[in-house]
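*Asks:* Below: one structure in structure tokens.
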Amino acid sequence: YDVSHGRRFPARLLSDLGRRGVLGAHLPKAYGGLGLGWEDVAALVEQVAAIDVELAALCVLHVTATLPILWYAADALRDELLPQAARGH
């Protein structure tokens with residue numbers, strides 16, 4: 001998070017976004033996500049960006065980090081990691 005403004009990493013906010021489904025919006029419901037399409041995910045991130053661009057960037061980073069797991073990981077690893085990621089853990 002932007003150190004120049006004296007702010008800390010927003011772990012609590014990310015957890016809250018996870019509880020609300022934002023961080024798992026792109027993930028299938030089978031993994032605890034919302035199963036939304038990319039246009040809807042983009043609209044959610046845009047709403048977050050209207051409040052805080054840096055927080056929205058962290059959301060995009062979170063989504064990007066989960067894609068290789070979703071696309072390429074073994075089923076057991078998906079079952080373990082993606083529900084946690086959807087909740088913001």
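Letters A, B, ... mark the chains of the structure tokens in the order given; residue numbers begin at 1 per chain; ligand numbers begin at 1, in order shown.
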Skip A:Arg78 itself and residues of its chain fewer than 6 positions away, then list as an mmCIF file with all heavy atoms, in the first residue's frame all residues within 8 Å of it, counting only C-alpha atoms.

*Replies:*
data_model
loop_
_atom_site.group_PDB
_atom_site.id
_atom_site.type_symbol
_atom_site.label_atom_id
_atom_site.label_comp_id
_atom_site.auth_asym_id
_atom_site.auth_seq_id
_atom_site.Cartn_x
_atom_site.Cartn_y
_atom_site.Cartn_z
ATOM 1 N N TYR A 31 -15.763 -23.472 -6.207
ATOM 2 C CA TYR A 31 -14.592 -23.120 -5.403
ATOM 3 C C TYR A 31 -14.883 -21.956 -4.450
ATOM 4 O O TYR A 31 -13.972 -21.341 -3.911
ATOM 5 C CB TYR A 31 -13.411 -22.763 -6.295
ATOM 6 C CG TYR A 31 -12.952 -23.917 -7.131
ATOM 7 C CD1 TYR A 31 -13.042 -23.875 -8.514
ATOM 8 C CD2 TYR A 31 -12.430 -25.067 -6.546
ATOM 9 C CE1 TYR A 31 -12.626 -24.940 -9.286
ATOM 10 C CE2 TYR A 31 -12.014 -26.138 -7.313
ATOM 11 C CZ TYR A 31 -12.107 -26.068 -8.678
ATOM 12 O OH TYR A 31 -11.694 -27.137 -9.441
ATOM 13 N N ILE A 69 -3.659 -21.111 -10.914
ATOM 14 C CA ILE A 69 -4.166 -22.210 -10.084
ATOM 15 C C ILE A 69 -5.445 -22.754 -10.693
ATOM 16 O O ILE A 69 -5.623 -23.966 -10.825
ATOM 17 C CB ILE A 69 -4.398 -21.736 -8.637
ATOM 18 C CG1 ILE A 69 -3.091 -21.249 -8.015
ATOM 19 C CG2 ILE A 69 -5.018 -22.846 -7.791
ATOM 20 C CD1 ILE A 69 -3.266 -20.490 -6.716
ATOM 21 N N LEU A 70 -6.343 -21.855 -11.066
ATOM 22 C CA LEU A 70 -7.617 -22.257 -11.663
ATOM 23 C C LEU A 70 -7.412 -23.020 -12.960
ATOM 24 O O LEU A 70 -8.050 -24.046 -13.205
ATOM 25 C CB LEU A 70 -8.490 -21.017 -11.908
ATOM 26 C CG LEU A 70 -9.850 -21.245 -12.543
ATOM 27 C CD1 LEU A 70 -10.744 -22.107 -11.668
ATOM 28 C CD2 LEU A 70 -10.521 -19.910 -12.834
#

*Asks:* Could you jot down the atom CA of A:Ala43 to atom CA of A:Leu14 separation for me, Å, one decimal place?

*Replies:*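 Separating atom CA of A:Ala43 from atom CA of A:Leu14 is a distance of 17.3 Å.
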
*Asks:* Report, in Å to a single decimal, how far apart atom CA of A:Arg87 and atom CA of A:Val60 are.

*Replies:*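 Atom CA of A:Arg87 lies at a distance of 14.7 Å from atom CA of A:Val60.
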
*Asks:* Using only C-alpha atoms, determine which residues lie at most 12 Å from A:Ala42, disregarding the query and same-chain residues fewer than 5 positions distant; provide the list as a PyMOL selection string.

*Replies:* chain A and resi 22-23+25-26+36-37+47-49+56-57+59-60+63

*Asks:* Between A:Leu58, A:Glu39, A:Ala65, A:Asp52, single out the one closest to A:Ala85, counting only C-alpha atoms.

*Replies:*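 Counting only C-alpha atoms, the residue closest to A:Ala85 is A:Ala65.
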
*Asks:* Would you list, as number ranges by chain, the residues of chain A that end up in alpha helix (DSSP H) under DSSP run on this structure's backbone?

*Replies:* A: 11-19, 38-51, 53-72, 75-86

*Asks:* Measure the distance from atom CA of A:Pro28 to atom CA of A:Ile51 in Å and round it to one decimal.

*Replies:*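 Atom-to-atom, atom CA of A:Pro28 and atom CA of A:Ile51 are spaced 26.3 Å apart.
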
*Asks:* Quick one: residues within 12 Å of A:Arg19, only C-alpha atoms, excluding same-chain residues fewer than 4 positions away - as a ChimeraX atom specification?

*Replies:* /A:12-15,23-25,32-34,83-89

*Asks:* Go through A:Arg8, A:Leu81, A:Val45, A:Ala30 and flag the residue nearest A:Leu61, using only C-alpha atoms for the distances.

*Replies:* A:Val45

*Asks:* Which one is closest to A:Leu82: A:Val53, A:Val41, A:Leu27, A:Thr64? Count only C-alpha atoms.

*Replies:* A:Leu27

*Asks:* So which one's closest to A:Gly21, A:Trp38, A:Asp79, A:Leu44, A:Trp71? Using only C-alpha atoms, please.

*Replies:*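 Under the stated criterion, the closest residue is A:Leu44.
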